[in-house]
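Engineer: My structure is in final-v1.txt, and what it holds is compact mmCIF, C-alpha atoms:
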```
# COMPACT_ATOMS: atom_id res chain seq x y z
CA MET A 112 44.77 -98.67 -4.20
CA SER A 113 42.54 -95.58 -4.21
CA THR A 114 42.10 -93.38 -1.14
CA ILE A 115 39.45 -90.80 -0.26
CA TYR A 116 40.20 -88.30 2.53
CA LEU A 117 37.34 -86.27 4.03
CA ASN A 118 37.30 -83.82 6.95
CA THR A 119 34.03 -82.65 8.47
CA ILE A 120 33.79 -80.08 11.26
CA ILE A 121 30.74 -80.70 13.44
CA ASN A 122 29.53 -78.34 16.15
CA ALA A 123 28.76 -81.11 18.66
CA ASP A 124 30.34 -83.22 21.37
CA ILE A 125 32.90 -85.82 20.21
CA HIS A 126 31.13 -88.68 22.03
CA TYR A 127 27.82 -87.93 20.33
CA VAL A 128 29.41 -87.63 16.88
CA PHE A 129 31.35 -90.87 17.43
CA ASP A 130 28.13 -92.70 18.28
CA LEU A 131 26.27 -91.23 15.29
CA ALA A 132 29.06 -92.39 12.97
CA ARG A 133 28.69 -96.01 14.12
CA ASP A 134 24.89 -96.03 14.29
CA ILE A 135 23.50 -98.68 11.91
CA ASP A 136 20.03 -97.07 11.81
CA LEU A 137 21.42 -93.66 10.87
CA HIS A 138 23.58 -95.26 8.17
CA GLN A 139 20.51 -96.88 6.65
CA GLN A 140 18.72 -93.54 6.72
CA SER A 141 21.62 -91.72 5.06
CA THR A 142 21.87 -94.32 2.28
CA SER A 143 18.17 -94.61 1.50
CA THR A 144 18.71 -93.70 -2.17
CA SER A 145 20.73 -96.91 -2.64
CA HIS A 146 18.23 -98.88 -0.52
CA GLU A 147 21.07 -99.91 1.80
CA THR A 148 19.81 -102.32 4.44
CA ALA A 149 21.62 -104.20 7.20
CA ILE A 150 20.70 -107.85 6.67
CA ALA A 151 23.07 -109.83 8.91
CA GLY A 152 25.38 -109.39 11.88
CA ARG A 153 24.63 -106.17 13.76
CA THR A 154 21.49 -104.85 12.04
CA SER A 155 20.50 -102.04 14.41
CA GLY A 156 21.96 -99.74 17.04
CA LEU A 157 25.63 -98.98 17.68
CA ILE A 158 28.18 -101.33 16.14
CA GLU A 159 31.03 -102.37 18.43
CA GLU A 160 34.57 -103.70 18.01
CA ASN A 161 34.75 -107.21 16.50
CA GLU A 162 31.15 -107.05 15.26
CA THR A 163 30.21 -107.45 11.62
CA VAL A 164 27.41 -106.05 9.52
CA THR A 165 26.30 -107.25 6.12
CA TRP A 166 24.75 -104.62 3.89
CA ARG A 167 22.52 -105.15 0.88
CA ALA A 168 22.31 -102.15 -1.44
CA LYS A 169 21.67 -101.16 -5.02
CA HIS A 170 24.74 -99.48 -6.49
CA LEU A 171 25.22 -98.76 -10.17
CA GLY A 172 21.90 -100.50 -10.91
CA VAL A 173 22.91 -103.82 -9.32
CA TYR A 174 22.05 -105.24 -5.89
CA GLN A 175 25.21 -106.17 -4.00
CA THR A 176 26.14 -107.37 -0.54
CA LEU A 177 29.11 -106.20 1.51
CA THR A 178 30.19 -107.54 4.89
CA THR A 179 32.44 -105.38 7.05
CA LYS A 180 33.98 -105.95 10.47
CA ILE A 181 35.00 -103.38 13.06
CA VAL A 182 38.62 -104.45 13.58
CA SER A 183 39.68 -101.61 15.88
CA MET A 184 37.86 -99.17 18.16
CA GLU A 185 39.09 -96.61 20.65
CA LYS A 186 36.11 -94.65 21.98
CA PRO A 187 35.62 -91.80 21.08
CA VAL A 188 38.79 -91.35 19.03
CA GLN A 189 38.64 -93.86 16.17
CA PHE A 190 37.25 -97.00 14.66
CA ILE A 191 38.21 -98.98 11.58
CA ASP A 192 36.00 -101.19 9.46
CA VAL A 193 37.40 -103.63 6.92
CA MET A 194 35.61 -105.54 4.19
CA GLN A 195 35.30 -109.25 4.91
CA LYS A 196 33.29 -110.10 1.80
CA GLY A 197 32.06 -108.03 -1.13
CA ALA A 198 32.67 -106.63 -4.60
CA PHE A 199 35.93 -104.82 -3.78
CA LYS A 200 39.29 -106.56 -3.91
CA SER A 201 39.90 -104.77 -0.59
CA MET A 202 38.31 -101.98 1.46
CA ARG A 203 39.36 -100.27 4.69
CA HIS A 204 37.59 -97.28 6.26
CA ARG A 205 39.25 -95.44 9.15
CA HIS A 206 37.04 -93.00 11.07
CA THR A 207 38.83 -90.60 13.43
CA PHE A 208 37.44 -87.95 15.76
CA LYS A 209 39.19 -85.05 17.47
CA SER A 210 37.86 -82.30 19.75
CA VAL A 211 38.83 -78.87 18.44
CA ASN A 212 37.60 -75.76 20.31
CA GLY A 213 34.37 -77.42 21.44
CA LYS A 214 33.66 -78.90 18.02
CA THR A 215 34.47 -82.30 16.54
CA LEU A 216 36.73 -82.87 13.57
CA MET A 217 35.55 -86.09 11.93
CA THR A 218 38.01 -87.54 9.41
CA ASP A 219 37.38 -90.40 6.99
CA VAL A 220 40.19 -92.25 5.25
CA PHE A 221 38.52 -94.67 2.85
CA GLU A 222 40.90 -97.00 1.00
CA PHE A 223 39.67 -99.41 -1.64
CA GLU A 224 40.87 -101.51 -4.49
CA SER A 225 38.68 -102.83 -7.27
CA PRO A 226 39.15 -106.23 -8.85
CA LEU A 227 40.10 -106.66 -12.52
CA GLY A 228 43.60 -105.18 -12.45
CA ILE A 229 44.12 -102.28 -14.86
CA ILE A 230 40.44 -102.20 -15.85
CA GLY A 231 39.53 -101.79 -12.16
CA LYS A 232 42.10 -99.01 -11.73
CA LEU A 233 40.70 -97.14 -14.75
CA PHE A 234 37.14 -97.56 -13.45
CA ASN A 235 38.26 -96.16 -10.06
CA ALA A 236 39.90 -93.14 -11.67
CA ILE A 237 37.11 -92.39 -14.12
CA PHE A 238 34.05 -93.08 -12.00
CA LEU A 239 34.14 -95.04 -8.74
CA THR A 240 36.24 -92.67 -6.61
CA GLY A 241 33.86 -89.77 -7.33
CA TYR A 242 30.81 -91.95 -6.74
CA LEU A 243 32.11 -93.17 -3.37
CA LYS A 244 33.22 -89.68 -2.30
CA SER A 245 29.71 -88.36 -2.99
CA PHE A 246 28.24 -91.31 -1.06
CA LEU A 247 30.45 -90.57 1.98
CA LEU A 248 29.82 -86.81 1.83
CA LYS A 249 26.06 -87.41 1.91
CA ARG A 250 26.43 -89.67 4.94
CA ASN A 251 28.66 -87.13 6.72
CA GLU A 252 26.22 -84.32 5.99
CA MET A 253 23.44 -86.28 7.69
CA ILE A 254 25.66 -86.94 10.73
CA LYS A 255 26.51 -83.22 10.89
CA THR A 256 22.88 -82.11 10.51
CA ILE A 257 21.60 -84.46 13.21
CA ALA A 258 24.47 -83.72 15.60
CA GLU A 259 24.11 -79.96 15.26
CA SER A 260 20.31 -79.83 15.41
CA SER A 261 19.44 -82.45 18.03
CA SER A 262 18.75 -81.72 21.61
CA HIS A 263 20.01 -84.91 23.19
CA ASP A 264 21.41 -86.58 26.21
CA GLY A 265 23.85 -88.77 24.30
CA ILE A 266 21.03 -90.44 22.38
CA ALA A 267 20.47 -90.03 18.64
CA ILE A 268 17.15 -88.44 17.75
CA PHE A 269 15.88 -89.26 14.27
```
Have the structure of the file written as structure tokens, please.
Structural biologist:
Amino acid sequence: MSTIYLNTIINADIHYVFDLARDIDLHQQSTSTSHETAIAGRTSGLIEENETVTWRAKHLGVYQTLTTKIVSMEKPVQFIDVMQKGAFKSMRHRHTFKSVNGKTLMTDVFEFESPLGIIGKLFNAIFLTGYLKSFLLKRNEMIKTIAESSSHDGIAIF
């Protein structure tokens, strides 16, 4: 299994950052280069515990679908989404949030396993881990930019 760890410090309230991180519309905006679209389950707004979302996106030149479910949520501290159906053998993404001196530390722990045994492990090491890390960093940068630049009352402004 491969694991990506990311920490992002965001100069914004933990509740606001937590909501941005689970906002389906913001996710679609941040993944526009892969044409990621929510096509089933929760397709807009804030995803909640026990809800699913099915994404359709073009990655590595191929359109794919991925269904994830929020299996755990403790507002505004953490939520975990797990792949229900998709190209990975397994995928688990834990999002945690911590208030630190008036800012929010957002941490991603993204665990995934590709199919195809040793070939999948080689593909992860050579290419996929870097590709997914870049994908997550881009998403986190958008969350950070919106959170730090929005004047809001707990509502995302896009």
Engineer: Between A:Thr154, A:Thr256, A:Ser225, A:Thr179, which has the minimum distance to His204 in chain A (counting all atoms listed in the file)?
Structural biologist: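 Using all atoms listed in the file, His204 in chain A sits closest to A:Thr179.
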Engineer: Between CA of Phe199 in chain A and CA of Pro226 in chain A, what is the spacing in Å?
Structural biologist: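 That distance, rounded to one decimal, is 6.2 Å.
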Engineer: Separation of CA of Met194 in chain A and CA of Ile115 in chain A, in Å?
Structural biologist: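 CA of Ile115 in chain A lies at a distance of 15.9 Å from CA of Met194 in chain A.
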Engineer: Taking 3 positions as the minimum chain separation for residues in the same chain, which residues sit within 12 Å of range 161-174 of chain A when counting all atoms listed in the file? Answer as an MDAnalysis selection string.
Structural biologist: chainID A and resid 133:136 138:139 142:158 177:184 190:198 238:239 242:243 246
Engineer: Between CA of Ile125 in chain A and CA of Gln189 in chain A, what is the spacing in Å?
Structural biologist: 10.7 Å
Engineer: From the list A:Glu259, A:Glu222, A:Glu185, A:Glu159, which residue is nearest Ser113 in chain A when using all atoms listed in the file?
Structural biologist: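 The shortest atom-to-atom distance to Ser113 in chain A comes from A:Glu222.
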